[in-house]
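Worksheet: one structure, shown below.
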Amino acid sequence: MTTVVTKVLGGTAKPVGILYIEPDLQVEDAGTGTGLDGGLNAPFVADLLSACLAHERCGVHLYRSIAGRSTMPDLRERYEALRTETETHVALLEALISDTGGNPMYVSPAARATEGAAARLVETTWVLDGSLDTVTAELAMLEAVLLAETKNHDNWELLGELADAMTAGSWRDSLQAAVDQVLNQEDDPLGWARETRRRMLYVAATGSEPPAATPAHRDEAADDAAVTPDSATVTKEELYHEAKDLDVPGRGAMTKDELAAAVAAAKEGDQS
Ligand SMILES: [Fe+2]
């Protein structure tokens, strides 16, 4: 008896590809001959941009889905706001890709992998749907937000770094402007998701409100205070604004400490 058929055991099969694309829709290397050809591996970046766009598009679906099912009015309101915000990110990336001469309807292999992961993530939010344990059901949704926003944040930080690595030009400026707009949004979805999840878990586990900051956060605050005397009172967003005014390269990918140090160095450079 054979329960697992393998080549070694004499298994045979038809050589069917797992994805069929009609000949007139096939793309060999997106990105070649487009505005991405300035200091970057254009085909790779075209595929990456497609994956970033797929992540944002899937984010819209996630927020639409959980905003319709959350039973907590403040969370529902937040998910609605994040859906609207994510729609603007989709539009930004579509415009950026079109501006390079690329096609926002191109779905790269990396984008298909992203879609697969995102679909599973939405699935996890349905597992406890209709459950009597509403807190756990809400936390499953919030956790999906945390995971999605973590990748989202990293994607935009990386795009900021790629903008820095590109040769000067109008597309590089558009990319940097888009990154600035997204990372500099009033709203900090990732920070919000982290903090809300921490609070909900703590309250559910202890029945009381959590301390103002976790030990990890306290260490960060202590580190911040060590960088500049007033950095404890300056927000990351304010430092980012200053870094932008001083045209600090790579600012989109910096931590608060790094921003504080880079701003201080840039100011020192201005004075000398
Ligand atoms: Fe986004």
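Naming works like this for the structure tokens: A, B, ... for the chains as they're shown, residue 1 at the start of each chain, ligands 1 onward in shown order.
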Note to self: Around ligand 1, out to 7 Å and counting only C-alpha atoms and all ligand atoms, which residues are there? I want them as a list of chain:residue names.
What the structure shows: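 The distance check yields A:Glu56, A:Glu85, A:Thr86, A:His89, A:Asn152.
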Next item on the list: Tell me which protein, DNA and RNA residues are within 7 Å of Ala42 in chain A, counting only C-alpha atoms, leaving out same-chain ones fewer than 6 positions away, and put them as a PyMOL selection string.
Entry: chain A and resi 31-32+36
Atoms to include: C-alpha atoms. Write the selected residues as a PDB file, in the first residue's frame.
```
ATOM      1  CA  GLY A  31      10.021  47.451 -15.476  1.00  0.00           C
ATOM      2  CA  THR A  32      12.541  47.192 -18.291  1.00  0.00           C
ATOM      3  CA  LEU A  36      12.616  52.508 -12.913  1.00  0.00           C
TER       4      LEU A  36
END
```
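Minimum atom-to-atom distance to Ile21 in chain A, evaluated using only C-alpha atoms, belongs to A:Val107 out of A:Val182, A:Val107, A:Val45, A:Ala119.
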Next item on the list: Please run DSSP on the backbone and report, as a ChimeraX atom specification, all residues within range 116-176 of chain A that come out as alpha helix (DSSP H).
Entry: /A:116-126,134-165,170-176
For the residues selected in the previous step, produce a file with C-alpha atoms as a CSV table (one decimal), in the first residue's frame.
```
chain,number,residue,atom,x,y,z
A,116,GLY,CA,-2.2,34.4,-0.8
A,117,ALA,CA,-0.9,35.4,2.6
A,118,ALA,CA,-3.4,38.2,2.9
A,119,ALA,CA,-6.3,35.9,2.0
A,120,ARG,CA,-5.2,33.6,4.9
A,121,LEU,CA,-4.9,36.6,7.2
A,122,VAL,CA,-8.5,37.6,6.5
A,123,GLU,CA,-9.5,33.9,7.0
A,124,THR,CA,-8.1,34.0,10.5
A,125,THR,CA,-10.5,36.8,11.4
A,126,TRP,CA,-13.5,34.6,10.5
A,134,THR,CA,-16.3,38.6,21.6
A,135,VAL,CA,-12.9,39.9,23.1
A,136,THR,CA,-11.0,37.0,21.5
A,137,ALA,CA,-12.9,37.5,18.2
A,138,GLU,CA,-12.0,41.2,18.2
A,139,LEU,CA,-8.4,40.4,19.1
A,140,ALA,CA,-8.2,38.0,16.1
A,141,MET,CA,-9.2,41.0,13.9
A,142,LEU,CA,-6.8,43.4,15.6
A,143,GLU,CA,-4.0,40.9,15.3
A,144,ALA,CA,-4.6,40.7,11.5
A,145,VAL,CA,-4.3,44.5,11.5
A,146,LEU,CA,-1.1,44.4,13.4
A,147,LEU,CA,0.5,41.9,11.0
A,148,ALA,CA,-0.8,43.7,7.9
A,149,GLU,CA,0.3,47.2,9.1
A,150,THR,CA,3.8,45.9,10.1
A,151,LYS,CA,4.4,44.7,6.6
A,152,ASN,CA,2.8,47.9,5.2
A,153,HIS,CA,5.1,50.1,7.3
A,154,ASP,CA,8.2,48.1,6.3
A,155,ASN,CA,7.2,48.3,2.6
A,156,TRP,CA,7.0,52.1,2.7
A,157,GLU,CA,10.2,52.4,4.6
A,158,LEU,CA,11.9,50.3,2.0
A,159,LEU,CA,10.5,52.4,-0.8
A,160,GLY,CA,11.9,55.5,0.9
A,161,GLU,CA,15.3,53.8,1.0
A,162,LEU,CA,15.0,52.9,-2.7
A,163,ALA,CA,14.2,56.5,-3.5
A,164,ASP,CA,17.4,57.5,-1.8
A,165,ALA,CA,19.3,54.9,-3.9
A,170,SER,CA,11.1,63.4,-11.5
A,171,TRP,CA,10.0,59.8,-10.7
A,172,ARG,CA,12.4,59.6,-7.8
A,173,ASP,CA,10.9,62.9,-6.5
A,174,SER,CA,7.3,61.4,-6.9
A,175,LEU,CA,8.3,58.3,-5.0
A,176,GLN,CA,9.9,60.3,-2.2
```
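Counting only C-alpha atoms, the residue from A:Asp247, A:Pro23, A:Asp74, A:Leu96 that sits nearest to Ala266 in chain A is A:Asp247.
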Item checked: Who sits within 10 Å of Arg251 in chain A, only C-alpha atoms, same chain under 4 positions skipped, as an MDAnalysis selection string -> chainID A and resid 157 160:161 164 180 183 239:244 247 255:256 258:259 262:263
Using N, CA and C atoms, can you export the residues from the last selection as a PDB file, in the first residue's frame?
```pdb
ATOM      1  N   GLU A 157       8.823  52.074   4.210  1.00  0.00           N
ATOM      2  CA  GLU A 157      10.180  52.448   4.639  1.00  0.00           C
ATOM      3  C   GLU A 157      11.202  52.015   3.579  1.00  0.00           C
ATOM      4  N   GLY A 160      11.175  54.228   0.621  1.00  0.00           N
ATOM      5  CA  GLY A 160      11.915  55.455   0.927  1.00  0.00           C
ATOM      6  C   GLY A 160      13.409  55.252   0.730  1.00  0.00           C
ATOM      7  N   GLU A 161      13.899  54.097   1.142  1.00  0.00           N
ATOM      8  CA  GLU A 161      15.331  53.800   0.980  1.00  0.00           C
ATOM      9  C   GLU A 161      15.688  53.632  -0.501  1.00  0.00           C
ATOM     10  N   ASP A 164      16.087  56.940  -2.115  1.00  0.00           N
ATOM     11  CA  ASP A 164      17.416  57.502  -1.817  1.00  0.00           C
ATOM     12  C   ASP A 164      18.493  56.899  -2.725  1.00  0.00           C
ATOM     13  N   ASP A 180       6.927  60.173   1.857  1.00  0.00           N
ATOM     14  CA  ASP A 180       6.767  61.203   2.892  1.00  0.00           C
ATOM     15  C   ASP A 180       5.306  61.311   3.317  1.00  0.00           C
ATOM     16  N   LEU A 183       4.302  57.903   5.312  1.00  0.00           N
ATOM     17  CA  LEU A 183       4.949  57.702   6.615  1.00  0.00           C
ATOM     18  C   LEU A 183       4.700  58.866   7.567  1.00  0.00           C
ATOM     19  N   LEU A 239      10.287  65.093  14.639  1.00  0.00           N
ATOM     20  CA  LEU A 239      11.658  64.879  14.176  1.00  0.00           C
ATOM     21  C   LEU A 239      11.676  64.584  12.681  1.00  0.00           C
ATOM     22  N   TYR A 240      10.676  63.816  12.227  1.00  0.00           N
ATOM     23  CA  TYR A 240      10.595  63.472  10.812  1.00  0.00           C
ATOM     24  C   TYR A 240      10.394  64.737   9.970  1.00  0.00           C
ATOM     25  N   HIS A 241       9.524  65.648  10.443  1.00  0.00           N
ATOM     26  CA  HIS A 241       9.296  66.928   9.758  1.00  0.00           C
ATOM     27  C   HIS A 241      10.600  67.702   9.619  1.00  0.00           C
ATOM     28  N   GLU A 242      11.343  67.756  10.735  1.00  0.00           N
ATOM     29  CA  GLU A 242      12.619  68.483  10.733  1.00  0.00           C
ATOM     30  C   GLU A 242      13.602  67.840   9.753  1.00  0.00           C
ATOM     31  N   ALA A 243      13.648  66.496   9.788  1.00  0.00           N
ATOM     32  CA  ALA A 243      14.560  65.769   8.891  1.00  0.00           C
ATOM     33  C   ALA A 243      14.193  66.042   7.444  1.00  0.00           C
ATOM     34  N   LYS A 244      12.910  66.177   7.194  1.00  0.00           N
ATOM     35  CA  LYS A 244      12.440  66.448   5.833  1.00  0.00           C
ATOM     36  C   LYS A 244      12.886  67.848   5.402  1.00  0.00           C
ATOM     37  N   ASP A 247      16.330  67.840   4.535  1.00  0.00           N
ATOM     38  CA  ASP A 247      16.614  66.906   3.441  1.00  0.00           C
ATOM     39  C   ASP A 247      17.566  65.783   3.869  1.00  0.00           C
ATOM     40  N   THR A 255      14.619  55.148  12.906  1.00  0.00           N
ATOM     41  CA  THR A 255      13.914  55.088  14.177  1.00  0.00           C
ATOM     42  C   THR A 255      13.923  56.500  14.764  1.00  0.00           C
ATOM     43  N   LYS A 256      13.224  56.679  15.858  1.00  0.00           N
ATOM     44  CA  LYS A 256      13.188  58.006  16.483  1.00  0.00           C
ATOM     45  C   LYS A 256      14.602  58.439  16.894  1.00  0.00           C
ATOM     46  N   GLU A 258      17.472  57.480  15.632  1.00  0.00           N
ATOM     47  CA  GLU A 258      18.277  57.773  14.441  1.00  0.00           C
ATOM     48  C   GLU A 258      17.896  59.122  13.848  1.00  0.00           C
ATOM     49  N   LEU A 259      16.571  59.410  13.856  1.00  0.00           N
ATOM     50  CA  LEU A 259      16.117  60.710  13.338  1.00  0.00           C
ATOM     51  C   LEU A 259      16.705  61.845  14.171  1.00  0.00           C
ATOM     52  N   ALA A 262      20.361  62.188  13.353  1.00  0.00           N
ATOM     53  CA  ALA A 262      20.579  62.707  11.991  1.00  0.00           C
ATOM     54  C   ALA A 262      20.214  64.191  11.916  1.00  0.00           C
ATOM     55  N   VAL A 263      19.132  64.578  12.595  1.00  0.00           N
ATOM     56  CA  VAL A 263      18.717  65.991  12.604  1.00  0.00           C
ATOM     57  C   VAL A 263      19.787  66.840  13.290  1.00  0.00           C
TER      58      VAL A 263
END
```
Next item on the list: Have a look at CA of Ser50 in chain A and CA of Asp29 in chain A and let me know their distance in Å, one decimal.
Entry: 12.4 Å
Neighbours of Ala67 in chain A within 7 Å (only C-alpha atoms; same-chain residues fewer than 3 positions away dropped), as a PDB file with N, CA and C atoms, in the first residue's frame?
```pdb
ATOM      1  N   TYR A  63      -9.851  45.711   5.876  1.00  0.00           N
ATOM      2  CA  TYR A  63     -10.558  46.725   6.669  1.00  0.00           C
ATOM      3  C   TYR A  63     -12.054  46.733   6.376  1.00  0.00           C
ATOM      4  N   ARG A  64     -12.418  46.549   5.113  1.00  0.00           N
ATOM      5  CA  ARG A  64     -13.841  46.521   4.779  1.00  0.00           C
ATOM      6  C   ARG A  64     -14.506  45.366   5.513  1.00  0.00           C
ATOM      7  N   SER A  70     -16.821  44.050  13.299  1.00  0.00           N
ATOM      8  CA  SER A  70     -16.436  44.395  14.670  1.00  0.00           C
ATOM      9  C   SER A  70     -17.657  44.877  15.442  1.00  0.00           C
ATOM     10  N   ARG A  76     -14.536  49.801  15.140  1.00  0.00           N
ATOM     11  CA  ARG A  76     -15.197  49.856  13.826  1.00  0.00           C
ATOM     12  C   ARG A  76     -14.897  51.184  13.131  1.00  0.00           C
ATOM     13  N   TYR A  79     -11.332  51.198  11.904  1.00  0.00           N
ATOM     14  CA  TYR A  79     -11.151  50.361  10.716  1.00  0.00           C
ATOM     15  C   TYR A  79     -11.691  51.067   9.468  1.00  0.00           C
ATOM     16  N   GLU A  80     -12.810  51.785   9.637  1.00  0.00           N
ATOM     17  CA  GLU A  80     -13.372  52.533   8.503  1.00  0.00           C
ATOM     18  C   GLU A  80     -12.379  53.593   8.036  1.00  0.00           C
TER      19      GLU A  80
END
```
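Closest approach to Thr100 in chain A from the set A:Thr167, A:Thr34, A:Thr88, A:Thr71 is made by A:Thr34, with distances taken over only C-alpha atoms.
Reported to one decimal place, the separation of CA of Ala177 in chain A from CA of Gly269 in chain A is 24.2 Å.
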